[in-house]
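Heads up, start.csv below (CSV, C-alpha atoms):
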chain,number,residue,atom,x,y,z
A,1367,MET,CA,43.8,121.2,110.0
A,1368,ARG,CA,45.0,117.7,110.6
A,1369,PRO,CA,42.8,116.0,108.0
A,1370,LEU,CA,44.0,118.5,105.4
A,1371,LEU,CA,47.6,117.9,106.3
A,1372,ALA,CA,47.0,114.2,106.0
A,1373,LEU,CA,45.6,114.6,102.5
A,1374,VAL,CA,48.6,116.7,101.5
A,1375,VAL,CA,51.0,114.1,102.7
A,1376,LEU,CA,49.1,111.3,101.0
A,1377,ALA,CA,49.2,113.3,97.7
A,1378,LEU,CA,52.9,113.8,98.0
A,1379,VAL,CA,53.6,110.1,98.6
A,1380,GLY,CA,51.3,109.1,95.8
A,1381,CYS,CA,53.2,111.4,93.4
A,1382,SER,CA,56.7,110.3,94.4
A,1383,GLY,CA,56.7,107.0,92.6
A,1384,PRO,CA,59.2,104.1,93.0
A,1385,SER,CA,62.2,106.2,91.9
A,1386,ALA,CA,62.0,108.3,95.0
A,1387,VAL,CA,62.4,105.3,97.3
A,1388,PRO,CA,66.1,104.9,98.2
A,1389,ASP,CA,67.6,101.6,97.2
A,1390,THR,CA,68.7,100.0,100.4
A,1391,SER,CA,69.4,96.5,99.1
A,1392,VAL,CA,72.7,94.8,99.9
A,1393,GLU,CA,73.8,95.2,96.3
A,1394,ALA,CA,73.2,99.0,96.5
A,1395,ARG,CA,75.1,99.3,99.8
A,1396,ALA,CA,77.9,97.3,98.3
A,1397,ARG,CA,78.2,99.6,95.2
A,1398,ALA,CA,78.2,102.7,97.4
A,1399,LEU,CA,80.8,101.2,99.8
A,1400,SER,CA,83.0,100.1,96.9
A,1401,GLN,CA,83.0,103.7,95.6
A,1402,ASP,CA,83.6,105.3,99.0
A,1403,ALA,CA,86.1,102.9,100.5
A,1404,LEU,CA,89.8,102.8,99.5
A,1405,VAL,CA,90.0,99.7,97.3
A,1406,VAL,CA,93.5,98.3,96.9
A,1407,ASP,CA,94.4,95.3,94.8
A,1408,THR,CA,98.0,94.2,95.3
A,1409,HIS,CA,98.5,92.2,92.2
A,1410,ILE,CA,97.3,93.0,88.6
A,1411,ASP,CA,99.4,91.8,85.7
A,1412,VAL,CA,98.7,94.6,83.3
A,1413,PRO,CA,102.4,95.5,82.3
A,1414,TYR,CA,103.2,92.1,80.9
A,1415,ARG,CA,99.8,91.7,79.3
A,1416,LEU,CA,100.4,94.9,77.4
A,1417,ARG,CA,103.9,93.9,76.5
A,1418,GLU,CA,102.5,90.8,74.8
A,1419,ALA,CA,99.4,92.4,73.3
A,1420,PRO,CA,99.6,96.3,73.3
A,1421,ASP,CA,96.2,98.0,74.0
A,1422,ASP,CA,94.9,101.3,75.4
A,1423,VAL,CA,93.7,100.7,78.9
A,1424,SER,CA,92.5,104.3,79.3
A,1425,ARG,CA,89.5,103.1,77.3
A,1426,ALA,CA,87.3,100.0,77.4
A,1427,THR,CA,89.2,97.0,76.1
A,1428,ALA,CA,87.8,93.9,74.6
A,1429,SER,CA,90.4,91.7,76.2
A,1430,GLY,CA,92.1,91.5,79.5
A,1431,ASP,CA,90.6,92.0,83.0
A,1432,PHE,CA,91.7,95.7,83.6
A,1433,ASP,CA,90.9,99.0,82.0
A,1434,HIS,CA,90.0,102.4,83.3
A,1435,PRO,CA,86.2,102.3,82.8
A,1436,ARG,CA,85.9,98.9,84.5
A,1437,ALA,CA,88.3,99.9,87.3
A,1438,VAL,CA,86.2,103.0,88.0
A,1439,ARG,CA,83.0,101.0,88.0
A,1440,GLY,CA,84.5,98.6,90.5
A,1441,GLY,CA,85.7,101.4,92.8
A,1442,LEU,CA,89.4,100.4,92.4
A,1443,ASP,CA,91.7,103.1,93.8
A,1444,VAL,CA,95.1,101.6,94.1
A,1445,ALA,CA,96.2,98.9,91.5
A,1446,PHE,CA,99.6,97.4,92.1
A,1447,MET,CA,101.0,96.8,88.6
A,1448,SER,CA,103.0,93.6,88.6
A,1449,VAL,CA,106.4,94.0,87.1
A,1450,TYR,CA,106.5,90.3,86.2
A,1451,ILE,CA,109.9,88.7,85.3
A,1452,PRO,CA,109.5,85.1,83.8
A,1453,ALA,CA,111.9,82.6,85.4
A,1454,PRO,CA,114.0,81.9,82.2
A,1455,TYR,CA,115.5,85.4,82.5
A,1456,GLN,CA,117.3,84.1,85.6
A,1457,THR,CA,119.5,82.1,83.2
A,1458,THR,CA,119.4,84.0,79.9
A,1459,GLY,CA,120.0,87.4,81.5
A,1460,GLY,CA,118.2,90.6,80.8
A,1461,ALA,CA,115.9,90.5,83.9
A,1462,ARG,CA,116.9,94.0,85.0
A,1463,ALA,CA,116.4,95.5,81.6
A,1464,LEU,CA,113.0,93.9,81.3
A,1465,ALA,CA,112.0,95.2,84.7
A,1466,ASP,CA,113.0,98.8,83.7
A,1467,SER,CA,111.1,98.5,80.5
A,1468,LEU,CA,107.9,97.4,82.3
A,1469,ILE,CA,108.2,100.2,84.8
A,1470,ASP,CA,108.6,102.6,81.8
A,1471,SER,CA,105.4,101.3,80.3
A,1472,VAL,CA,103.4,102.0,83.5
A,1473,GLU,CA,104.9,105.5,83.7
A,1474,ALA,CA,103.9,106.1,80.1
A,1475,ILE,CA,100.3,105.2,80.8
A,1476,ALA,CA,100.1,107.7,83.6
A,1477,ARG,CA,101.9,110.4,81.6
A,1478,ALA,CA,99.5,110.0,78.6
A,1479,HIS,CA,96.4,110.0,80.8
A,1480,PRO,CA,97.1,112.1,83.9
A,1481,ASP,CA,93.4,112.6,84.7
A,1482,GLN,CA,92.8,108.9,84.7
A,1483,PHE,CA,96.0,107.5,86.1
A,1484,ALA,CA,98.8,108.5,88.5
A,1485,VAL,CA,101.8,106.5,89.7
A,1486,VAL,CA,102.1,106.5,93.5
A,1487,ARG,CA,105.3,105.7,95.5
A,1488,SER,CA,104.1,106.2,99.1
A,1489,VAL,CA,101.1,106.1,101.4
A,1490,GLU,CA,101.2,109.9,101.3
A,1491,ASP,CA,101.0,109.9,97.5
A,1492,VAL,CA,97.8,107.8,97.8
A,1493,GLY,CA,96.1,110.4,100.0
A,1494,ARG,CA,97.4,113.3,97.9
A,1495,LEU,CA,96.6,112.0,94.5
A,1496,ARG,CA,93.4,110.0,95.1
A,1497,ALA,CA,90.5,111.6,93.2
A,1498,PRO,CA,87.2,110.6,91.6
A,1499,GLY,CA,87.8,108.8,88.3
A,1500,ARG,CA,91.5,108.4,88.9
A,1501,VAL,CA,93.1,105.0,89.3
A,1502,LEU,CA,96.4,105.1,91.2
A,1503,LEU,CA,99.2,102.8,89.9
A,1504,ALA,CA,101.6,101.4,92.4
A,1505,LEU,CA,104.5,99.0,91.4
A,1506,GLY,CA,105.3,95.6,92.7
A,1507,MET,CA,108.0,93.4,91.2
A,1508,GLU,CA,107.1,89.7,90.7
A,1509,ASN,CA,110.4,87.8,90.9
A,1510,GLY,CA,113.6,89.2,92.5
A,1511,ALA,CA,115.7,88.1,89.5
A,1512,PRO,CA,116.3,91.8,88.4
A,1513,VAL,CA,118.4,92.3,91.5
A,1514,GLU,CA,121.1,90.2,89.7
A,1515,GLY,CA,123.3,89.6,92.7
A,1516,ASP,CA,123.7,93.3,93.5
A,1517,LEU,CA,122.0,94.8,96.6
A,1518,ALA,CA,122.5,98.3,95.0
A,1519,ALA,CA,119.9,97.3,92.4
A,1520,LEU,CA,117.2,97.3,95.2
A,1521,ARG,CA,117.9,101.0,95.7
A,1522,HIS,CA,117.6,101.6,92.0
A,1523,PHE,CA,114.2,99.9,91.9
A,1524,ARG,CA,113.1,101.6,95.1
A,1525,ASP,CA,113.9,104.9,93.4
A,1526,ARG,CA,111.9,103.8,90.3
A,1527,GLY,CA,108.9,103.2,92.5
A,1528,ILE,CA,108.9,99.5,93.3
A,1529,ARG,CA,107.2,99.0,96.6
A,1530,TYR,CA,107.2,95.3,97.0
A,1531,VAL,CA,109.3,92.4,95.6
A,1532,THR,CA,108.1,88.8,95.3
A,1533,LEU,CA,111.4,87.1,96.1
A,1534,THR,CA,111.1,84.5,93.4
A,1535,HIS,CA,108.6,83.0,90.9
A,1536,SER,CA,108.3,79.5,89.4
A,1537,ARG,CA,111.9,78.4,89.9
A,1538,ASP,CA,114.5,78.8,92.6
A,1539,ASN,CA,116.7,81.9,92.1
A,1540,GLU,CA,119.7,83.4,93.8
A,1541,ILE,CA,117.5,84.8,96.5
A,1542,SER,CA,115.0,82.1,97.4
A,1543,ASP,CA,113.6,78.7,96.7
A,1544,SER,CA,110.2,78.6,94.9
A,1545,SER,CA,107.1,76.8,96.0
A,1546,TYR,CA,106.8,75.4,92.4
A,1547,ASP,CA,110.4,74.1,92.3
A,1548,THR,CA,111.3,70.8,94.0
A,1549,THR,CA,115.0,71.3,93.7
A,1550,GLY,CA,115.4,73.1,97.1
A,1551,THR,CA,118.5,74.9,96.0
A,1552,HIS,CA,119.1,76.8,99.3
A,1553,GLY,CA,116.8,75.0,101.7
A,1554,GLY,CA,114.9,78.2,102.0
A,1555,LEU,CA,116.5,81.7,101.6
A,1556,SER,CA,120.1,81.9,100.4
A,1557,ASP,CA,122.5,83.9,102.5
A,1558,PHE,CA,122.2,86.6,99.8
A,1559,GLY,CA,118.4,86.3,100.2
A,1560,ARG,CA,118.7,87.2,103.9
A,1561,ASP,CA,120.7,90.3,102.9
A,1562,VAL,CA,118.0,91.1,100.3
A,1563,VAL,CA,115.3,91.0,103.0
A,1564,ARG,CA,117.3,93.2,105.4
A,1565,GLN,CA,118.0,95.7,102.6
A,1566,MET,CA,114.3,95.8,101.6
A,1567,ASN,CA,113.5,96.6,105.3
A,1568,ARG,CA,116.0,99.5,105.2
A,1569,LEU,CA,114.7,100.8,101.9
A,1570,GLY,CA,111.0,100.6,102.8
A,1571,ILE,CA,110.2,97.9,100.2
A,1572,MET,CA,107.6,95.3,101.3
A,1573,VAL,CA,108.8,91.7,101.3
A,1574,ASP,CA,106.3,89.5,99.4
A,1575,VAL,CA,106.2,85.9,100.4
A,1576,SER,CA,103.9,84.7,97.6
A,1577,HIS,CA,105.6,82.0,95.4
A,1578,ILE,CA,108.4,81.1,97.9
A,1579,SER,CA,108.8,77.7,99.6
A,1580,ASP,CA,107.6,77.0,103.1
A,1581,ALA,CA,111.2,76.9,104.3
A,1582,ALA,CA,111.9,80.2,102.7
A,1583,PHE,CA,108.9,81.7,104.4
A,1584,ASP,CA,110.2,80.6,107.7
A,1585,ASP,CA,113.6,82.2,106.9
A,1586,VAL,CA,111.9,85.4,105.9
A,1587,MET,CA,110.0,85.6,109.2
A,1588,GLU,CA,113.2,85.0,111.1
A,1589,THR,CA,115.0,87.7,109.2
A,1590,THR,CA,112.6,90.6,108.6
A,1591,ALA,CA,112.3,93.6,110.9
A,1592,ALA,CA,109.0,94.8,109.3
A,1593,PRO,CA,105.6,93.2,108.4
A,1594,VAL,CA,105.5,91.3,105.2
A,1595,ILE,CA,102.7,90.6,102.6
A,1596,ALA,CA,101.6,87.7,100.5
A,1597,SER,CA,100.5,89.8,97.6
A,1598,HIS,CA,98.5,87.2,95.8
A,1599,SER,CA,98.1,83.9,97.7
A,1600,SER,CA,95.1,82.1,99.2
A,1601,ALA,CA,94.5,79.6,102.0
A,1602,ARG,CA,96.0,76.1,101.7
A,1603,HIS,CA,93.2,74.8,103.9
A,1604,PHE,CA,91.0,74.6,100.7
A,1605,THR,CA,93.8,73.2,98.5
A,1606,PRO,CA,95.6,70.6,100.5
A,1607,GLY,CA,99.2,69.9,99.2
A,1608,PHE,CA,99.3,73.1,97.1
A,1609,GLU,CA,102.4,74.8,98.5
A,1610,ARG,CA,101.8,78.0,96.5
A,1611,ASN,CA,99.0,78.8,99.0
A,1612,MET,CA,99.6,79.5,102.6
A,1613,SER,CA,99.1,77.0,105.4
A,1614,ASP,CA,97.3,77.9,108.6
A,1615,ALA,CA,100.6,77.9,110.5
A,1616,MET,CA,102.0,80.4,107.9
A,1617,ILE,CA,99.0,82.6,108.1
A,1618,ARG,CA,99.2,82.7,111.9
A,1619,ARG,CA,102.9,83.5,111.8
A,1620,LEU,CA,102.3,86.2,109.1
A,1621,ALA,CA,99.7,87.8,111.4
A,1622,GLN,CA,102.0,87.7,114.4
A,1623,ASN,CA,104.4,89.7,112.3
A,1624,GLY,CA,101.7,92.2,111.5
A,1625,GLY,CA,101.4,91.2,107.9
A,1626,VAL,CA,98.6,90.6,105.5
A,1627,VAL,CA,97.6,87.8,103.1
A,1628,GLN,CA,96.0,89.2,99.9
A,1629,ILE,CA,93.6,86.6,98.5
A,1630,ASN,CA,94.2,85.3,94.9
A,1631,PHE,CA,91.0,85.0,92.8
A,1632,GLY,CA,92.2,82.2,90.5
A,1633,SER,CA,89.9,79.2,90.7
A,1634,SER,CA,92.8,76.8,91.1
A,1635,PHE,CA,93.9,78.8,94.2
A,1636,LEU,CA,90.4,78.6,95.6
A,1637,LEU,CA,89.3,74.9,95.3
A,1638,LYS,CA,91.0,71.5,95.2
A,1639,ARG,CA,88.2,70.4,93.0
A,1640,VAL,CA,89.3,72.8,90.3
A,1641,GLN,CA,92.8,71.6,90.5
A,1642,ASP,CA,91.6,68.0,90.1
A,1643,ASP,CA,89.4,68.9,87.1
A,1644,GLN,CA,92.3,70.7,85.4
A,1645,ALA,CA,94.6,67.7,85.8
A,1646,ALA,CA,91.9,65.4,84.4
A,1647,LEU,CA,91.3,67.6,81.4
A,1648,ARG,CA,95.0,67.9,80.7
A,1649,GLN,CA,95.3,64.1,80.8
A,1650,ARG,CA,92.3,63.7,78.4
A,1651,LEU,CA,93.8,66.2,76.0
A,1652,ALA,CA,97.2,64.4,76.1
A,1653,ASP,CA,95.5,61.1,75.4
A,1654,GLU,CA,93.6,62.6,72.4
A,1655,PHE,CA,96.9,64.1,71.0
A,1656,GLU,CA,98.5,60.7,71.2
A,1657,THR,CA,95.5,58.9,69.7
A,1658,ARG,CA,95.4,61.4,66.8
A,1659,GLY,CA,99.1,61.7,66.3
A,1660,LEU,CA,99.1,65.4,67.0
A,1661,ARG,CA,102.3,67.3,68.0
A,1662,PHE,CA,102.0,70.0,70.7
A,1663,GLY,CA,102.5,73.4,69.2
A,1664,SER,CA,101.5,72.4,65.6
A,1665,PRO,CA,98.7,74.3,64.0
A,1666,GLU,CA,96.6,71.1,63.9
A,1667,ALA,CA,97.2,70.6,67.6
A,1668,ASP,CA,96.3,74.1,68.5
A,1669,ALA,CA,93.1,74.0,66.6
A,1670,PHE,CA,92.1,70.7,68.2
A,1671,GLN,CA,93.0,72.0,71.7
A,1672,GLN,CA,90.9,75.1,71.1
A,1673,ALA,CA,87.9,73.0,70.1
A,1674,PHE,CA,88.5,70.6,73.0
A,1675,GLU,CA,88.5,73.4,75.6
A,1676,ALA,CA,85.4,74.9,74.1
A,1677,GLU,CA,83.6,71.5,74.4
A,1678,ASN,CA,85.0,70.8,77.9
A,1679,PRO,CA,84.9,74.0,79.8
A,1680,LEU,CA,86.5,74.0,83.3
A,1681,ARG,CA,84.0,74.2,86.1
A,1682,LEU,CA,85.1,77.5,87.7
A,1683,ALA,CA,85.0,78.5,91.4
A,1684,ASP,CA,82.4,81.1,92.5
A,1685,MET,CA,82.8,84.5,94.1
A,1686,THR,CA,81.5,83.0,97.3
A,1687,ASP,CA,84.7,80.8,97.4
A,1688,VAL,CA,86.8,84.0,97.6
A,1689,ALA,CA,84.6,85.0,100.6
A,1690,ASP,CA,85.2,81.5,102.1
A,1691,HIS,CA,89.0,82.2,102.0
A,1692,ILE,CA,88.5,85.6,103.6
A,1693,ASP,CA,86.3,83.9,106.3
A,1694,HIS,CA,89.0,81.3,107.0
A,1695,VAL,CA,91.8,83.9,107.5
A,1696,VAL,CA,89.5,86.0,109.7
A,1697,GLU,CA,88.6,83.0,111.8
A,1698,LEU,CA,92.3,82.1,112.2
A,1699,VAL,CA,93.8,85.5,112.9
A,1700,GLY,CA,91.2,88.2,112.8
A,1701,ILE,CA,90.0,90.9,110.4
A,1702,ASP,CA,93.3,92.9,110.3
A,1703,HIS,CA,95.3,90.4,108.2
A,1704,VAL,CA,93.4,89.7,105.0
A,1705,GLY,CA,92.9,91.7,101.7
A,1706,LEU,CA,92.7,91.4,97.9
A,1707,GLY,CA,95.4,90.3,95.5
A,1708,SER,CA,93.2,89.2,92.6
A,1709,ASP,CA,95.9,88.3,90.0
A,1710,TYR,CA,93.8,89.9,87.3
A,1711,ASP,CA,95.4,89.5,83.9
A,1712,GLY,CA,97.5,86.8,85.4
A,1713,VAL,CA,95.3,83.8,86.0
A,1714,GLY,CA,93.6,84.0,82.6
A,1715,PRO,CA,90.2,82.2,82.1
A,1716,THR,CA,90.2,80.7,85.6
A,1717,LEU,CA,88.6,83.7,87.4
A,1718,PRO,CA,85.6,82.8,89.5
A,1719,VAL,CA,82.0,83.4,88.4
A,1720,GLY,CA,81.1,86.9,89.7
A,1721,LEU,CA,84.7,88.2,89.8
A,1722,GLU,CA,85.5,88.2,86.1
A,1723,ASP,CA,87.3,91.6,86.0
A,1724,VAL,CA,88.1,94.8,88.0
A,1725,SER,CA,84.5,96.0,87.7
A,1726,THR,CA,83.2,93.3,90.0
A,1727,TYR,CA,84.6,94.1,93.4
A,1728,PRO,CA,81.1,95.2,94.5
A,1729,ASN,CA,79.9,91.6,94.1
A,1730,LEU,CA,82.4,90.4,96.7
A,1731,VAL,CA,81.5,93.3,99.0
A,1732,ALA,CA,77.8,92.4,98.8
A,1733,GLU,CA,78.7,88.8,99.7
A,1734,LEU,CA,80.7,89.9,102.8
A,1735,LEU,CA,77.8,92.2,103.9
A,1736,ARG,CA,75.4,89.3,103.5
A,1737,ARG,CA,77.7,87.2,105.7
A,1738,GLY,CA,77.5,89.8,108.5
A,1739,TYR,CA,80.7,91.8,108.0
A,1740,SER,CA,80.4,95.4,109.2
A,1741,GLU,CA,81.2,98.2,106.8
A,1742,ASP,CA,84.3,99.0,108.8
A,1743,ASP,CA,85.5,95.4,108.5
A,1744,VAL,CA,84.9,95.4,104.8
A,1745,ARG,CA,86.9,98.6,104.4
A,1746,LYS,CA,89.8,96.8,106.1
A,1747,VAL,CA,89.6,93.9,103.6
A,1748,LEU,CA,89.2,96.2,100.6
A,1749,GLY,CA,92.4,98.2,101.3
A,1750,GLY,CA,92.8,99.3,104.9
A,1751,ASN,CA,94.9,96.3,105.9
A,1752,ALA,CA,97.2,96.6,102.9
A,1753,MET,CA,97.7,100.3,103.5
A,1754,ARG,CA,98.5,99.6,107.2
A,1755,VAL,CA,101.3,97.3,106.3
A,1756,TRP,CA,102.6,99.6,103.6
A,1757,ARG,CA,102.6,102.4,106.2
A,1758,ALA,CA,104.4,100.2,108.8
A,1759,VAL,CA,107.1,99.2,106.3
A,1760,GLU,CA,107.7,102.9,105.5
A,1761,ALA,CA,107.9,103.6,109.2
A,1762,ALA,CA,110.4,100.8,109.8
A,1763,ALA,CA,112.6,102.1,107.1
A,1764,THR,CA,112.6,105.6,108.6
A,1765,GLU,CA,113.5,104.1,112.0
Please rewrite the model in this file as structure tokens.
Amino acid sequence: MRPLLALVVLALVGCSGPSAVPDTSVEARARALSQDALVVDTHIDVPYRLREAPDDVSRATASGDFDHPRAVRGGLDVAFMSVYIPAPYQTTGGARALADSLIDSVEAIARAHPDQFAVVRSVEDVGRLRAPGRVLLALGMENGAPVEGDLAALRHFRDRGIRYVTLTHSRDNEISDSSYDTTGTHGGLSDFGRDVVRQMNRLGIMVDVSHISDAAFDDVMETTAAPVIASHSSARHFTPGFERNMSDAMIRRLAQNGGVVQINFGSSFLLKRVQDDQAALRQRLADEFETRGLRFGSPEADAFQQAFEAENPLRLADMTDVADHIDHVVELVGIDHVGLGSDYDGVGPTLPVGLEDVSTYPNLVAELLRRGYSEDDVRKVLGGNAMRVWRAVEAAATE
């Protein structure tokens, strides 16, 4: 009987072919994990992108970094839509109206395509509405300018679904000094800014320390009663002198508070070399304009610039550089305080090779697995840590 059984087994194996052998490669594990894990990206600039160039993100789009088919391929479950308010609105007025209109646009996407999208306003919503093929849209406000000096506006935006507020953007505002602005209007947070942080704690809105100055960060940490996030920042260790990223001391203090830094994918956030290359290319372009007598903004200048950039492409970062930033945060403060805040649709053509759009999260997952991260640790990076902070902020507001 045994020889006959052996022949039968051999025959079955011979007939099975390569397709019957499970794919156990790192890439296959990464694809499966990306689909199974809760993937949360805390900063995607779709609303402002569609305001500037309307498109249907329920279908594949030729432009931009986000649409439904690509999000599903990448395993993206919760996409925080950035309600971005450019700094000039701080002086011209209209910031609150713009914020409301951008929120309206996100709600309209979900209403028009309920099987593909749903707006979520709580951790409970995420658990209740998550389904295969559905991308959940949360809301974060980038720049606190729409508060317009009125704490009651925070309740208005909380009721509209805003679940984090980046206190300022590229210029100092009434709430906070900006990392990009050397004016130092308040020396950190303003007195009103401290009230804003306290009110956000009471309302269950996460405080976002991306874009604020180092002094403002210290003020936030002294004021907040709940964990905070950096929704789309990276580690200054790799970009010395770039205040927009977080220093090691800031990352440590953020972790002590229970917060999380969500790594920005933009190449200039990842490598000092890219920043230096950008500066050199800008100077060469300016020199060419002067030599040729071109005026910025003219059709001739625009055409020349387009050709110049095509002939002199920026040397981008690589997906492994994002993993290096994750490694650095983990080495500093542990696995519980790092996540993903890509800045898709916000950093334009500077995305790293291998992370060009929302379909590519599995590439990063594969790299983390190759580096020895456990699947449980990868789940924390992909979304578990961000959800923990969101849950803690909700709990603090209830208390």
### Message
Report, in Å to a single decimal, how far apart atom CA of A:Gln1649 and atom CA of A:Arg1661 are.
### Response
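Atom-to-atom, atom CA of A:Arg1661 and atom CA of A:Gln1649 are spaced 14.9 Å apart.
Between atom CA of A:Ile1595 and atom CA of A:Thr1549 there is a distance of 24.6 Å.
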### Query
Quick one: residues within 10 Å of stretch 1681-1686 of chain A, only C-alpha atoms counted, chain neighbours fewer than 2 positions away excluded, as a ChimeraX atom specification?
/A:1631-1640,1643-1644,1678-1679,1688-1692,1715-1722,1726-1727,1729-1730,1733-1734
### Within 10 Å of file point (73.1, 94.4, 94.3), counting all atoms listed in the file, expressed as a VMD selection string
chain A and resid 1389 to 1397 1728 to 1729 1731 to 1733
### Message
Can you tell me which residues surround A:Thr1457 at a distance of at most 12 Å, considering only C-alpha atoms, apart from same-chain residues fewer than 5 positions away, and format the answer as a list in words?
### Response
Ile1451, Pro1452, Ala1511, Pro1512, Glu1514, Arg1537, Asp1538, Asn1539 and Glu1540 of chain A
### Query
With all atoms listed in the file as the basis for distance, which of A:His1479, A:Arg1529, A:Lys1746, A:Arg1487 is at the shortest distance from A:Met1572?
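Closest candidate: A:Arg1529.
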### Summary
Using all atoms listed in the file, the residue out of A:Leu1442, A:Ala1465, A:Ala1519, A:Ile1629 with shortest distance to A:Gly1499 is A:Leu1442
### Task
Just the residues within 9 Å of A:Leu1748, please, counting all atoms listed in the file, with nothing from its chain fewer than 6 positions along; format it as a list of chain:residue names.
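Result of the neighbour search: A:Ser1400, A:Ala1403, A:Leu1404, A:Val1405, A:Val1406, A:Asp1407, A:Val1704, A:Gly1705, A:Leu1706, A:Tyr1727, A:Val1731.
Atom pair atom CA of A:Leu1555 / atom CA of A:Ala1518 has a distance of 18.8 Å (rounded to one decimal).
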### Message
Here is a test: counting all atoms listed in the file, which residue of A:Asp1693, A:Asp1709, A:Asp1574, A:Asp1584 is nearest to A:Val1759?
### Response
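Checking each of A:Asp1693, A:Asp1709, A:Asp1574, A:Asp1584 against A:Val1759, counting all atoms listed in the file, the winner is A:Asp1574.
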### Query
Around (90.3, 109.6, 88.5) in the file's frame, which residues reach within 12 Å when counting all atoms listed in the file? Return as number ranges by chain?
A: 1401, 1424, 1434-1435, 1437-1439, 1441-1444, 1476, 1479-1485, 1495-1503
### Message
Taking 4 positions as the minimum chain separation for residues in the same chain, which residues sit within 12 Å of A:Ala1758 when counting all atoms listed in the file? Answer as a ChimeraX atom specification.
### Response
/A:1488-1489,1567,1570-1572,1591-1595,1623-1626,1751-1754,1762-1765
### Query
Which one is closest to A:Ala1669: A:Ile1578, A:Glu1697, A:Phe1655, A:Tyr1546? Count all atoms listed in the file.
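Of A:Ile1578, A:Glu1697, A:Phe1655, A:Tyr1546, the one nearest A:Ala1669, counting all atoms listed in the file, is A:Phe1655.
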### Message
I'd like the neighbourhood of A:Gly1553 as a list in words, where a residue qualifies if any of its atoms comes within 8 Å (using all atoms listed in the file), though same-chain residues fewer than 2 positions away should be ignored.
### Response
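Final neighbour list, sorted by chain and number: Asp1543, Gly1550, Thr1551, Leu1555, Ser1556, Ala1581 and Ala1582 of chain A.
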